[in-house]
Each structure stands twice: as C-alpha cells, then as structure tokens.
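Q: For reference, the file my_file.csv (CSV, N, CA and C atoms) is included below:
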```csv
chain,number,residue,atom,x,y,z
A,343,MET,N,7.4,-16.2,-5.6
A,343,MET,CA,7.2,-14.8,-5.3
A,343,MET,C,5.8,-14.7,-4.8
A,344,ILE,N,5.6,-13.9,-3.7
A,344,ILE,CA,4.3,-13.6,-3.1
A,344,ILE,C,4.1,-12.1,-3.1
A,345,LYS,N,2.9,-11.7,-3.3
A,345,LYS,CA,2.6,-10.2,-3.5
A,345,LYS,C,1.5,-9.8,-2.4
A,346,LEU,N,1.8,-8.7,-1.8
A,346,LEU,CA,0.8,-8.1,-0.9
A,346,LEU,C,0.2,-6.9,-1.6
A,347,SER,N,-1.1,-6.9,-1.7
A,347,SER,CA,-1.9,-5.8,-2.3
A,347,SER,C,-2.7,-5.1,-1.2
A,348,PHE,N,-2.6,-3.8,-1.1
A,348,PHE,CA,-3.2,-3.0,0.0
A,348,PHE,C,-4.0,-1.9,-0.7
A,349,CYS,N,-5.3,-2.0,-0.6
A,349,CYS,CA,-6.2,-1.0,-1.2
A,349,CYS,C,-6.4,0.1,-0.2
A,350,LEU,N,-5.9,1.3,-0.4
A,350,LEU,CA,-5.9,2.3,0.6
A,350,LEU,C,-7.0,3.3,0.5
A,351,ARG,N,-7.6,3.6,1.6
A,351,ARG,CA,-8.5,4.7,1.8
A,351,ARG,C,-7.9,5.7,2.8
A,352,ARG,N,-8.0,7.0,2.5
A,352,ARG,CA,-7.4,8.0,3.3
A,352,ARG,C,-8.2,8.3,4.6
A,353,LEU,N,-7.6,8.8,5.6
A,353,LEU,CA,-8.3,9.3,6.8
A,353,LEU,C,-9.3,10.4,6.3
A,354,PRO,N,-10.4,10.5,7.0
A,354,PRO,CA,-11.4,11.5,6.5
A,354,PRO,C,-11.0,12.9,6.5
A,355,HIS,N,-10.1,13.3,7.4
A,355,HIS,CA,-9.6,14.7,7.5
A,355,HIS,C,-8.6,15.1,6.4
A,356,LEU,N,-8.2,14.2,5.6
A,356,LEU,CA,-7.2,14.4,4.5
A,356,LEU,C,-7.9,14.5,3.2
A,357,SER,N,-7.4,15.5,2.4
A,357,SER,CA,-7.9,15.5,0.9
A,357,SER,C,-7.1,14.4,0.2
A,358,ARG,N,-7.6,14.0,-0.9
A,358,ARG,CA,-6.8,13.0,-1.7
A,358,ARG,C,-5.4,13.5,-2.0
A,359,GLU,N,-5.3,14.8,-2.3
A,359,GLU,CA,-3.9,15.3,-2.6
A,359,GLU,C,-3.0,15.2,-1.4
A,360,GLU,N,-3.5,15.6,-0.2
A,360,GLU,CA,-2.7,15.6,1.0
A,360,GLU,C,-2.3,14.1,1.3
A,361,PHE,N,-3.3,13.2,1.1
A,361,PHE,CA,-3.0,11.8,1.4
A,361,PHE,C,-1.9,11.3,0.4
A,362,GLN,N,-2.1,11.5,-0.9
A,362,GLN,CA,-1.1,11.0,-1.8
A,362,GLN,C,0.3,11.7,-1.7
A,363,THR,N,0.3,12.9,-1.3
A,363,THR,CA,1.6,13.6,-1.1
A,363,THR,C,2.3,13.0,0.1
A,364,TYR,N,1.6,12.8,1.2
A,364,TYR,CA,2.2,12.1,2.4
A,364,TYR,C,2.7,10.7,2.1
A,365,TRP,N,1.8,10.0,1.4
A,365,TRP,CA,2.2,8.6,1.0
A,365,TRP,C,3.4,8.5,0.2
A,366,ARG,N,3.5,9.4,-0.8
A,366,ARG,CA,4.7,9.4,-1.8
A,366,ARG,C,5.9,10.0,-1.1
A,367,GLU,N,5.8,11.1,-0.4
A,367,GLU,CA,7.0,11.9,0.1
A,367,GLU,C,7.4,11.5,1.5
A,368,THR,N,6.6,10.9,2.3
A,368,THR,CA,6.9,10.6,3.7
A,368,THR,C,7.0,9.1,3.9
A,369,HIS,N,5.9,8.4,3.5
A,369,HIS,CA,5.8,7.0,3.8
A,369,HIS,C,6.7,6.2,2.8
A,370,ALA,N,6.7,6.5,1.6
A,370,ALA,CA,7.5,5.7,0.6
A,370,ALA,C,9.0,5.7,1.0
A,371,PRO,N,9.6,6.8,1.4
A,371,PRO,CA,11.0,6.7,1.8
A,371,PRO,C,11.2,5.8,3.1
A,372,LEU,N,10.2,5.8,3.9
A,372,LEU,CA,10.3,4.9,5.1
A,372,LEU,C,10.2,3.4,4.7
A,373,VAL,N,9.4,3.1,3.8
A,373,VAL,CA,9.3,1.7,3.3
A,373,VAL,C,10.6,1.4,2.6
A,374,ALA,N,11.2,2.3,1.8
A,374,ALA,CA,12.4,2.0,1.1
A,374,ALA,C,13.6,1.8,2.2
A,375,ARG,N,13.6,2.5,3.2
A,375,ARG,CA,14.6,2.4,4.3
A,375,ARG,C,14.5,1.0,4.9
A,376,HIS,N,13.3,0.5,5.1
A,376,HIS,CA,13.2,-0.8,5.8
A,376,HIS,C,13.0,-2.0,4.8
A,377,ALA,N,13.1,-1.8,3.5
A,377,ALA,CA,12.9,-2.8,2.5
A,377,ALA,C,13.8,-4.1,2.7
A,378,GLU,N,15.0,-3.8,2.9
A,378,GLU,CA,16.0,-5.0,3.0
A,378,GLU,C,15.7,-5.7,4.3
A,379,THR,N,15.5,-5.0,5.4
A,379,THR,CA,15.2,-5.7,6.7
A,379,THR,C,13.9,-6.5,6.6
A,380,LEU,N,12.9,-6.0,5.9
A,380,LEU,CA,11.6,-6.8,5.8
A,380,LEU,C,11.5,-7.7,4.7
A,381,GLY,N,12.6,-7.8,3.8
A,381,GLY,CA,12.6,-8.7,2.7
A,381,GLY,C,11.7,-8.2,1.5
A,382,ILE,N,11.4,-6.9,1.5
A,382,ILE,CA,10.6,-6.4,0.4
A,382,ILE,C,11.5,-6.3,-0.9
A,383,LEU,N,11.1,-7.0,-1.9
A,383,LEU,CA,11.8,-7.0,-3.2
A,383,LEU,C,11.4,-5.9,-4.1
A,384,ARG,N,10.2,-5.5,-4.0
A,384,ARG,CA,9.6,-4.4,-4.9
A,384,ARG,C,8.5,-3.8,-4.2
A,385,TYR,N,8.4,-2.5,-4.4
A,385,TYR,CA,7.3,-1.7,-3.8
A,385,TYR,C,6.8,-0.7,-4.8
A,386,VAL,N,5.5,-0.7,-5.1
A,386,VAL,CA,4.9,0.1,-6.1
A,386,VAL,C,3.7,0.8,-5.5
A,387,GLN,N,3.6,2.1,-5.7
A,387,GLN,CA,2.4,2.9,-5.3
A,387,GLN,C,1.6,3.2,-6.6
A,388,VAL,N,0.3,2.9,-6.6
A,388,VAL,CA,-0.6,3.2,-7.6
A,388,VAL,C,-1.6,4.3,-7.1
A,389,HIS,N,-1.4,5.5,-7.5
A,389,HIS,CA,-2.2,6.7,-7.0
A,389,HIS,C,-3.4,6.9,-7.9
A,390,THR,N,-4.6,6.9,-7.3
A,390,THR,CA,-5.8,7.1,-8.0
A,390,THR,C,-5.8,8.5,-8.6
A,391,GLY,N,-6.3,8.6,-9.8
A,391,GLY,CA,-6.4,9.9,-10.5
A,391,GLY,C,-7.4,9.7,-11.7
A,392,HIS,N,-7.3,10.6,-12.7
A,392,HIS,CA,-8.2,10.4,-13.9
A,392,HIS,C,-9.7,10.4,-13.5
A,393,GLU,N,-10.1,11.4,-12.8
A,393,GLU,CA,-11.5,11.4,-12.2
A,393,GLU,C,-12.6,11.2,-13.2
A,394,ALA,N,-12.5,11.8,-14.4
A,394,ALA,CA,-13.5,11.6,-15.4
A,394,ALA,C,-13.6,10.2,-15.9
A,395,LEU,N,-12.5,9.6,-16.1
A,395,LEU,CA,-12.5,8.2,-16.5
A,395,LEU,C,-13.0,7.3,-15.4
A,396,ASN,N,-12.6,7.5,-14.2
A,396,ASN,CA,-13.1,6.7,-13.1
A,396,ASN,C,-14.6,6.8,-12.9
A,397,GLY,N,-15.1,8.0,-13.0
A,397,GLY,CA,-16.6,8.2,-12.9
A,397,GLY,C,-17.3,7.4,-14.0
A,398,ALA,N,-16.8,7.5,-15.2
A,398,ALA,CA,-17.5,6.7,-16.3
A,398,ALA,C,-17.4,5.2,-16.1
A,399,MET,N,-16.3,4.7,-15.6
A,399,MET,CA,-16.2,3.3,-15.4
A,399,MET,C,-17.1,2.9,-14.2
A,400,GLN,N,-17.1,3.6,-13.1
A,400,GLN,CA,-17.9,3.3,-12.0
A,400,GLN,C,-19.4,3.3,-12.4
A,401,GLY,N,-19.8,4.4,-13.1
A,401,GLY,CA,-21.1,4.5,-13.5
A,401,GLY,C,-21.6,3.4,-14.4
A,402,SER,N,-20.8,2.9,-15.3
A,402,SER,CA,-21.2,1.8,-16.2
A,402,SER,C,-21.3,0.5,-15.5
A,403,ARG,N,-20.7,0.4,-14.3
A,403,ARG,CA,-20.7,-0.9,-13.6
A,403,ARG,C,-21.5,-0.8,-12.3
A,404,GLY,N,-21.9,0.4,-11.9
A,404,GLY,CA,-22.6,0.5,-10.6
A,404,GLY,C,-21.6,0.3,-9.4
A,405,GLY,N,-20.4,0.5,-9.6
A,405,GLY,CA,-19.4,0.2,-8.6
A,405,GLY,C,-19.3,1.2,-7.5
A,406,PRO,N,-18.5,0.9,-6.4
A,406,PRO,CA,-18.4,1.8,-5.3
A,406,PRO,C,-17.3,2.9,-5.6
A,407,ASP,N,-17.2,3.8,-4.7
A,407,ASP,CA,-16.2,4.8,-4.8
A,407,ASP,C,-14.8,4.2,-4.9
A,408,ALA,N,-13.9,4.9,-5.7
A,408,ALA,CA,-12.6,4.4,-5.9
A,408,ALA,C,-11.8,4.4,-4.6
A,409,TYR,N,-10.8,3.6,-4.5
A,409,TYR,CA,-9.8,3.7,-3.4
A,409,TYR,C,-8.9,4.9,-3.7
A,410,ASP,N,-8.2,5.4,-2.7
A,410,ASP,CA,-7.3,6.5,-3.0
A,410,ASP,C,-5.9,6.1,-3.6
A,411,GLY,N,-5.7,4.8,-3.5
A,411,GLY,CA,-4.5,4.2,-4.1
A,411,GLY,C,-4.4,2.7,-3.7
A,412,VAL,N,-3.4,2.1,-4.4
A,412,VAL,CA,-3.1,0.7,-4.1
A,412,VAL,C,-1.6,0.6,-3.9
A,413,ALA,N,-1.2,-0.1,-2.8
A,413,ALA,CA,0.2,-0.4,-2.6
A,413,ALA,C,0.4,-1.8,-2.9
A,414,GLU,N,1.5,-2.1,-3.7
A,414,GLU,CA,1.9,-3.4,-4.1
A,414,GLU,C,3.3,-3.7,-3.6
A,415,LEU,N,3.4,-4.8,-2.8
A,415,LEU,CA,4.7,-5.2,-2.3
A,415,LEU,C,5.0,-6.7,-2.6
A,416,TRP,N,6.2,-7.0,-3.1
A,416,TRP,CA,6.6,-8.3,-3.5
A,416,TRP,C,7.6,-8.8,-2.5
A,417,PHE,N,7.5,-10.1,-2.1
A,417,PHE,CA,8.4,-10.8,-1.2
A,417,PHE,C,8.8,-12.1,-1.9
A,418,GLU,N,9.9,-12.7,-1.4
A,418,GLU,CA,10.5,-13.9,-2.0
A,418,GLU,C,9.5,-15.0,-1.9
A,419,SER,N,9.0,-15.3,-0.7
A,419,SER,CA,8.0,-16.4,-0.5
A,419,SER,C,7.4,-16.2,0.9
A,420,GLU,N,6.3,-17.0,1.1
A,420,GLU,CA,5.7,-17.0,2.4
A,420,GLU,C,6.7,-17.6,3.5
A,421,GLU,N,7.5,-18.6,3.1
A,421,GLU,CA,8.4,-19.2,4.0
A,421,GLU,C,9.5,-18.2,4.4
A,422,ALA,N,10.0,-17.4,3.4
A,422,ALA,CA,11.0,-16.4,3.8
A,422,ALA,C,10.5,-15.3,4.7
A,423,MET,N,9.2,-14.9,4.5
A,423,MET,CA,8.6,-14.0,5.4
A,423,MET,C,8.4,-14.6,6.8
A,424,ALA,N,8.0,-15.8,6.9
A,424,ALA,CA,7.8,-16.5,8.2
A,424,ALA,C,9.2,-16.6,8.9
A,425,ALA,N,10.3,-16.8,8.2
A,425,ALA,CA,11.6,-17.0,8.8
A,425,ALA,C,12.2,-15.7,9.3
A,426,ASN,N,11.6,-14.5,8.8
A,426,ASN,CA,12.2,-13.2,9.2
A,426,ASN,C,11.6,-12.8,10.5
A,427,THR,N,12.2,-13.3,11.6
A,427,THR,CA,11.7,-13.0,12.9
A,427,THR,C,12.6,-12.2,13.8
A,428,SER,N,13.5,-11.4,13.1
A,428,SER,CA,14.5,-10.6,13.8
A,428,SER,C,13.8,-9.5,14.5
A,429,GLU,N,14.4,-9.0,15.6
A,429,GLU,CA,13.9,-7.8,16.3
A,429,GLU,C,13.9,-6.6,15.4
A,430,ALA,N,14.9,-6.5,14.5
A,430,ALA,CA,14.9,-5.4,13.5
A,430,ALA,C,13.7,-5.4,12.6
A,431,ALA,N,13.3,-6.6,12.2
A,431,ALA,CA,12.1,-6.7,11.3
A,431,ALA,C,10.9,-6.3,12.1
A,432,ALA,N,10.8,-6.8,13.3
A,432,ALA,CA,9.6,-6.4,14.2
A,432,ALA,C,9.5,-4.9,14.4
A,433,ALA,N,10.7,-4.3,14.7
A,433,ALA,CA,10.7,-2.8,14.9
A,433,ALA,C,10.3,-2.1,13.6
A,434,ALA,N,10.8,-2.5,12.5
A,434,ALA,CA,10.5,-1.9,11.2
A,434,ALA,C,9.0,-2.0,10.9
A,435,GLY,N,8.4,-3.2,11.2
A,435,GLY,CA,7.0,-3.3,11.0
A,435,GLY,C,6.2,-2.4,11.9
A,436,ARG,N,6.6,-2.3,13.1
A,436,ARG,CA,5.9,-1.4,14.0
A,436,ARG,C,6.0,0.1,13.6
A,437,GLU,N,7.2,0.5,13.1
A,437,GLU,CA,7.3,1.8,12.7
A,437,GLU,C,6.5,2.1,11.4
A,438,LEU,N,6.4,1.2,10.5
A,438,LEU,CA,5.6,1.4,9.3
A,438,LEU,C,4.1,1.5,9.7
A,439,LEU,N,3.6,0.6,10.6
A,439,LEU,CA,2.2,0.6,11.0
A,439,LEU,C,1.9,1.9,11.7
A,440,GLU,N,2.8,2.4,12.6
A,440,GLU,CA,2.5,3.7,13.3
A,440,GLU,C,2.4,4.8,12.2
A,441,ASP,N,3.2,4.8,11.2
A,441,ASP,CA,3.2,5.8,10.2
A,441,ASP,C,1.9,5.7,9.4
A,442,GLU,N,1.5,4.5,9.1
A,442,GLU,CA,0.2,4.2,8.3
A,442,GLU,C,-1.0,4.8,9.0
A,443,LYS,N,-1.0,4.8,10.4
A,443,LYS,CA,-2.1,5.3,11.1
A,443,LYS,C,-2.2,6.8,11.0
A,444,LYS,N,-1.2,7.5,10.5
A,444,LYS,CA,-1.3,8.9,10.3
A,444,LYS,C,-2.0,9.3,9.0
A,445,PHE,N,-2.2,8.4,8.1
A,445,PHE,CA,-2.8,8.8,6.8
A,445,PHE,C,-3.8,7.8,6.2
A,446,ILE,N,-3.8,6.6,6.7
A,446,ILE,CA,-4.6,5.5,6.1
A,446,ILE,C,-5.7,5.2,7.0
A,447,ASP,N,-7.0,5.1,6.5
A,447,ASP,CA,-8.1,4.6,7.2
A,447,ASP,C,-8.0,3.0,7.2
A,448,LEU,N,-7.2,2.5,8.2
A,448,LEU,CA,-6.9,1.1,8.2
A,448,LEU,C,-8.1,0.2,8.3
A,449,ALA,N,-9.1,0.6,9.0
A,449,ALA,CA,-10.3,-0.2,9.1
A,449,ALA,C,-11.1,-0.4,7.8
A,450,ASN,N,-10.9,0.5,6.8
A,450,ASN,CA,-11.6,0.4,5.6
A,450,ASN,C,-10.6,0.3,4.4
A,451,SER,N,-9.4,-0.3,4.7
A,451,SER,CA,-8.4,-0.5,3.6
A,451,SER,C,-8.0,-2.0,3.6
A,452,PRO,N,-8.7,-2.8,2.8
A,452,PRO,CA,-8.3,-4.2,2.8
A,452,PRO,C,-6.9,-4.5,2.2
A,453,LEU,N,-6.3,-5.5,2.7
A,453,LEU,CA,-5.0,-6.0,2.2
A,453,LEU,C,-5.0,-7.5,2.2
A,454,TRP,N,-4.3,-8.1,1.3
A,454,TRP,CA,-4.2,-9.6,1.2
A,454,TRP,C,-2.9,-10.0,0.5
A,455,PHE,N,-2.5,-11.2,0.8
A,455,PHE,CA,-1.4,-11.8,0.0
A,455,PHE,C,-1.9,-12.7,-1.1
A,456,GLY,N,-1.3,-12.7,-2.2
A,456,GLY,CA,-1.7,-13.5,-3.3
A,456,GLY,C,-0.6,-13.8,-4.3
A,457,ASP,N,-0.9,-14.5,-5.3
A,457,ASP,CA,0.1,-14.9,-6.4
A,457,ASP,C,-0.4,-14.2,-7.7
A,458,GLU,N,0.5,-13.7,-8.4
A,458,GLU,CA,0.2,-13.1,-9.7
A,458,GLU,C,0.1,-14.2,-10.8
A,459,HIS,N,-0.8,-14.0,-11.7
A,459,HIS,CA,-1.0,-14.9,-12.8
A,459,HIS,C,-1.1,-13.9,-14.0
A,460,VAL,N,0.1,-13.7,-14.7
A,460,VAL,CA,0.1,-12.8,-15.8
A,460,VAL,C,-0.6,-13.4,-17.0
A,461,VAL,N,-1.6,-12.6,-17.5
A,461,VAL,CA,-2.4,-13.0,-18.7
A,461,VAL,C,-1.9,-12.3,-19.9
A,462,VAL,N,-1.6,-11.1,-19.9
A,462,VAL,CA,-1.1,-10.3,-21.0
A,462,VAL,C,0.1,-9.6,-20.5
A,463,GLY,N,1.2,-9.6,-21.4
A,463,GLY,CA,2.4,-8.8,-21.1
A,463,GLY,C,3.4,-9.7,-20.5
```
What do you get writing this file as structure tokens?
A:
Amino acid sequence: MIKLSFCLRRLPHLSREEFQTYWRETHAPLVARHAETLGILRYVQVHTGHEALNGAMQGSRGGPDAYDGVAELWFESEEAMAANTSEAAAAAGRELLEDEKKFIDLANSPLWFGDEHVVVG
C-alpha cells in the first residue's frame, strides 16, 4: 500500500470555512466519482479546526501557521499506479486538477507519496 499526503492551503480569497465547505461538498464527491478509475482505495479529508489548541501547540514549538487541511489517499502500489495509463484515468486526473485550482493554493501545498509505519493502534 502506498499513501499520498497532501497538505492543503486555501487560495487567499477564500475563508477557511469557504475552503473546507467546497473541499467537502464539491471536491470530495468528484474524487469519489473517479476513485475506481484512478485506483484510489481510500480517501480521507482532515479539516483543520480547534483554533485554541492549535495556537497553543504552535506557540509551544514556534511552528508555522497550520495548513487548512490534509488529504490522504491510499493506492495499491506504485506499480499499480504506473500501470494505470488509460485515457479515462488521464481525463479523471485532469478534471481533479482543474477543480483543485479553484480552491487550493497549489504552489504552497506540498504533497508526497510515502509508506505508513503504524506505531500505536
């Protein structure tokens, strides 16, 4: 199993609430619609909240501002992703990217593939 983590920052003209509503109510159904075509086995949105707790944690560590959320997507393997070269998969990927441009500050939203190593749970 391989996991994509995507730390999201909203476009400057959106409030966090507007961003999270669009992400949850518009983008999530689009991802769900294309999940099988793209080989997405699981998709989770982690929405930033709990401002007082966040402020305390950031202050105690001198950390940067929080992301607006994190998207987590699981795929079978790197090989399965590489083998998925259908036109349908390419079209789905283009549609998702075009939608992301409507609410995500892509230049300031890092993403990467990695492997989970469960320590607790």
Q: Tell me which of A:Asp457, A:Asp410, A:Ala431, A:Phe445 sits closest to Arg358 of chain A, counting only N, CA and C atoms.
A: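 Among the listed residues, the smallest separation from Arg358 of chain A belongs to A:Asp410.
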Q: Could you tell me how far atom CA of Ala433 of chain A lies from atom CA of Ser357 of chain A, in Å and to one decimal?
A: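 So the two atoms, atom CA of Ala433 of chain A and atom CA of Ser357 of chain A, lie 29.6 Å apart.
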Q: If you measure from atom C of His389 of chain A to atom N of Gly411 of chain A, what distance in Å do you get, rounded to one decimal?
A: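 Separation of atom C of His389 of chain A and atom N of Gly411 of chain A: 5.4 Å.
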Q: What does the distance from atom CA of Thr363 of chain A to atom C of Lys444 of chain A come to in Å, to one decimal?
A: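 About the pair atom CA of Thr363 of chain A and atom C of Lys444 of chain A: they are 11.6 Å apart.
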Q: Which of these, A:Ser428, A:Ser402, A:Gln362, A:Asn450, has the shortest distance to Val388 of chain A once you count only C-alpha atoms?
A: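 Ranking A:Ser428, A:Ser402, A:Gln362, A:Asn450 by distance to Val388 of chain A, first place goes to A:Gln362.
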Q: So which residues fall inside 12 Å of (17.7, -5.1, 9.7) if we count only C-alpha atoms? Mind giving them as a VMD selection string?
A: chain A and resid 375 to 382 426 to 435
Q: Any idea what's packed within 6.5 Å of Ser419 of chain A, counting only N, CA and C atoms, ignoring anything in its chain fewer than 4 positions away? Could you give it as a PyMOL selection string?
A: chain A and resi 343-344+423-424
Q: Identify the residues within 8 Å of coordinate (6.7, 8.3, 10.6) (same frame as the file), considering all atoms listed in the file, and give the answer as a PDB file with N, CA and C atoms, in the frame of the given file.
A:
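Saved the output as point-v8.pdb:
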```pdb
ATOM      1  N   THR A 368       6.600  10.900   2.300  1.00  0.00           N
ATOM      2  CA  THR A 368       6.900  10.600   3.700  1.00  0.00           C
ATOM      3  C   THR A 368       7.000   9.100   3.900  1.00  0.00           C
ATOM      4  N   HIS A 369       5.900   8.400   3.500  1.00  0.00           N
ATOM      5  CA  HIS A 369       5.800   7.000   3.800  1.00  0.00           C
ATOM      6  C   HIS A 369       6.700   6.200   2.800  1.00  0.00           C
ATOM      7  N   LEU A 372      10.200   5.800   3.900  1.00  0.00           N
ATOM      8  CA  LEU A 372      10.300   4.900   5.100  1.00  0.00           C
ATOM      9  C   LEU A 372      10.200   3.400   4.700  1.00  0.00           C
ATOM     10  N   GLU A 437       7.200   0.500  13.100  1.00  0.00           N
ATOM     11  CA  GLU A 437       7.300   1.800  12.700  1.00  0.00           C
ATOM     12  C   GLU A 437       6.500   2.100  11.400  1.00  0.00           C
ATOM     13  N   LEU A 438       6.400   1.200  10.500  1.00  0.00           N
ATOM     14  CA  LEU A 438       5.600   1.400   9.300  1.00  0.00           C
ATOM     15  C   LEU A 438       4.100   1.500   9.700  1.00  0.00           C
ATOM     16  N   GLU A 440       2.800   2.400  12.600  1.00  0.00           N
ATOM     17  CA  GLU A 440       2.500   3.700  13.300  1.00  0.00           C
ATOM     18  C   GLU A 440       2.400   4.800  12.200  1.00  0.00           C
ATOM     19  N   ASP A 441       3.200   4.800  11.200  1.00  0.00           N
ATOM     20  CA  ASP A 441       3.200   5.800  10.200  1.00  0.00           C
ATOM     21  C   ASP A 441       1.900   5.700   9.400  1.00  0.00           C
ATOM     22  N   GLU A 442       1.500   4.500   9.100  1.00  0.00           N
ATOM     23  CA  GLU A 442       0.200   4.200   8.300  1.00  0.00           C
ATOM     24  C   GLU A 442      -1.000   4.800   9.000  1.00  0.00           C
ATOM     25  N   LYS A 444      -1.200   7.500  10.500  1.00  0.00           N
ATOM     26  CA  LYS A 444      -1.300   8.900  10.300  1.00  0.00           C
ATOM     27  C   LYS A 444      -2.000   9.300   9.000  1.00  0.00           C
TER      28      LYS A 444
END
```
Q: Counting only C-alpha atoms, which of A:Val373, A:Ala408, A:Leu383, A:Leu415 gets nearest to Phe455 of chain A?
A: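 Once distances to Phe455 of chain A are computed over only C-alpha atoms, the minimum belongs to A:Leu415.
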Q: For a quick check of understanding, using only C-alpha atoms, which of A:Phe348, A:Tyr385, A:Tyr364, A:Trp416 has the smallest distance to Ser451 of chain A?
A: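 Answer, going by the shortest atom-to-atom distance: A:Phe348.
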Q: May I have all residues of segment 403-461 of chain A that DSSP, computed from the backbone, assigns to helix (DSSP H, G or I), given as a PDB file with N, CA and C atoms, in the frame of the given file?
A:
```pdb
ATOM      1  N   ARG A 403     -20.700   0.400 -14.300  1.00  0.00           N
ATOM      2  CA  ARG A 403     -20.700  -0.900 -13.600  1.00  0.00           C
ATOM      3  C   ARG A 403     -21.500  -0.800 -12.300  1.00  0.00           C
ATOM      4  N   GLU A 420       6.300 -17.000   1.100  1.00  0.00           N
ATOM      5  CA  GLU A 420       5.700 -17.000   2.400  1.00  0.00           C
ATOM      6  C   GLU A 420       6.700 -17.600   3.500  1.00  0.00           C
ATOM      7  N   GLU A 421       7.500 -18.600   3.100  1.00  0.00           N
ATOM      8  CA  GLU A 421       8.400 -19.200   4.000  1.00  0.00           C
ATOM      9  C   GLU A 421       9.500 -18.200   4.400  1.00  0.00           C
ATOM     10  N   ALA A 422      10.000 -17.400   3.400  1.00  0.00           N
ATOM     11  CA  ALA A 422      11.000 -16.400   3.800  1.00  0.00           C
ATOM     12  C   ALA A 422      10.500 -15.300   4.700  1.00  0.00           C
ATOM     13  N   MET A 423       9.200 -14.900   4.500  1.00  0.00           N
ATOM     14  CA  MET A 423       8.600 -14.000   5.400  1.00  0.00           C
ATOM     15  C   MET A 423       8.400 -14.600   6.800  1.00  0.00           C
ATOM     16  N   ALA A 424       8.000 -15.800   6.900  1.00  0.00           N
ATOM     17  CA  ALA A 424       7.800 -16.500   8.200  1.00  0.00           C
ATOM     18  C   ALA A 424       9.200 -16.600   8.900  1.00  0.00           C
ATOM     19  N   ALA A 425      10.300 -16.800   8.200  1.00  0.00           N
ATOM     20  CA  ALA A 425      11.600 -17.000   8.800  1.00  0.00           C
ATOM     21  C   ALA A 425      12.200 -15.700   9.300  1.00  0.00           C
ATOM     22  N   GLU A 429      14.400  -9.000  15.600  1.00  0.00           N
ATOM     23  CA  GLU A 429      13.900  -7.800  16.300  1.00  0.00           C
ATOM     24  C   GLU A 429      13.900  -6.600  15.400  1.00  0.00           C
ATOM     25  N   ALA A 430      14.900  -6.500  14.500  1.00  0.00           N
ATOM     26  CA  ALA A 430      14.900  -5.400  13.500  1.00  0.00           C
ATOM     27  C   ALA A 430      13.700  -5.400  12.600  1.00  0.00           C
ATOM     28  N   ALA A 431      13.300  -6.600  12.200  1.00  0.00           N
ATOM     29  CA  ALA A 431      12.100  -6.700  11.300  1.00  0.00           C
ATOM     30  C   ALA A 431      10.900  -6.300  12.100  1.00  0.00           C
ATOM     31  N   ALA A 432      10.800  -6.800  13.300  1.00  0.00           N
ATOM     32  CA  ALA A 432       9.600  -6.400  14.200  1.00  0.00           C
ATOM     33  C   ALA A 432       9.500  -4.900  14.400  1.00  0.00           C
ATOM     34  N   ALA A 433      10.700  -4.300  14.700  1.00  0.00           N
ATOM     35  CA  ALA A 433      10.700  -2.800  14.900  1.00  0.00           C
ATOM     36  C   ALA A 433      10.300  -2.100  13.600  1.00  0.00           C
ATOM     37  N   ALA A 434      10.800  -2.500  12.500  1.00  0.00           N
ATOM     38  CA  ALA A 434      10.500  -1.900  11.200  1.00  0.00           C
ATOM     39  C   ALA A 434       9.000  -2.000  10.900  1.00  0.00           C
ATOM     40  N   GLY A 435       8.400  -3.200  11.200  1.00  0.00           N
ATOM     41  CA  GLY A 435       7.000  -3.300  11.000  1.00  0.00           C
ATOM     42  C   GLY A 435       6.200  -2.400  11.900  1.00  0.00           C
ATOM     43  N   ARG A 436       6.600  -2.300  13.100  1.00  0.00           N
ATOM     44  CA  ARG A 436       5.900  -1.400  14.000  1.00  0.00           C
ATOM     45  C   ARG A 436       6.000   0.100  13.600  1.00  0.00           C
ATOM     46  N   GLU A 437       7.200   0.500  13.100  1.00  0.00           N
ATOM     47  CA  GLU A 437       7.300   1.800  12.700  1.00  0.00           C
ATOM     48  C   GLU A 437       6.500   2.100  11.400  1.00  0.00           C
ATOM     49  N   LEU A 438       6.400   1.200  10.500  1.00  0.00           N
ATOM     50  CA  LEU A 438       5.600   1.400   9.300  1.00  0.00           C
ATOM     51  C   LEU A 438       4.100   1.500   9.700  1.00  0.00           C
ATOM     52  N   LEU A 439       3.600   0.600  10.600  1.00  0.00           N
ATOM     53  CA  LEU A 439       2.200   0.600  11.000  1.00  0.00           C
ATOM     54  C   LEU A 439       1.900   1.900  11.700  1.00  0.00           C
ATOM     55  N   GLU A 440       2.800   2.400  12.600  1.00  0.00           N
ATOM     56  CA  GLU A 440       2.500   3.700  13.300  1.00  0.00           C
ATOM     57  C   GLU A 440       2.400   4.800  12.200  1.00  0.00           C
ATOM     58  N   ASP A 441       3.200   4.800  11.200  1.00  0.00           N
ATOM     59  CA  ASP A 441       3.200   5.800  10.200  1.00  0.00           C
ATOM     60  C   ASP A 441       1.900   5.700   9.400  1.00  0.00           C
ATOM     61  N   GLU A 442       1.500   4.500   9.100  1.00  0.00           N
ATOM     62  CA  GLU A 442       0.200   4.200   8.300  1.00  0.00           C
ATOM     63  C   GLU A 442      -1.000   4.800   9.000  1.00  0.00           C
ATOM     64  N   LEU A 448      -7.200   2.500   8.200  1.00  0.00           N
ATOM     65  CA  LEU A 448      -6.900   1.100   8.200  1.00  0.00           C
ATOM     66  C   LEU A 448      -8.100   0.200   8.300  1.00  0.00           C
ATOM     67  N   ALA A 449      -9.100   0.600   9.000  1.00  0.00           N
ATOM     68  CA  ALA A 449     -10.300  -0.200   9.100  1.00  0.00           C
ATOM     69  C   ALA A 449     -11.100  -0.400   7.800  1.00  0.00           C
ATOM     70  N   ASN A 450     -10.900   0.500   6.800  1.00  0.00           N
ATOM     71  CA  ASN A 450     -11.600   0.400   5.600  1.00  0.00           C
ATOM     72  C   ASN A 450     -10.600   0.300   4.400  1.00  0.00           C
TER      73      ASN A 450
END
```
Q: Compare A:Leu350, A:Glu414, A:Gly456, A:Leu439 by their minimum atom-to-atom distance to Arg384 of chain A, counting only N, CA and C atoms, and give me the closest one.
A: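 For Arg384 of chain A, the nearest of the given residues is A:Glu414.
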Q: Using all atoms listed in the file, which of the listed residues (A:Gly401, A:Pro452, A:Pro406, A:Pro371) sits closest to Cys349 of chain A?
A: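 Selected residue with least distance to Cys349 of chain A: A:Pro452.
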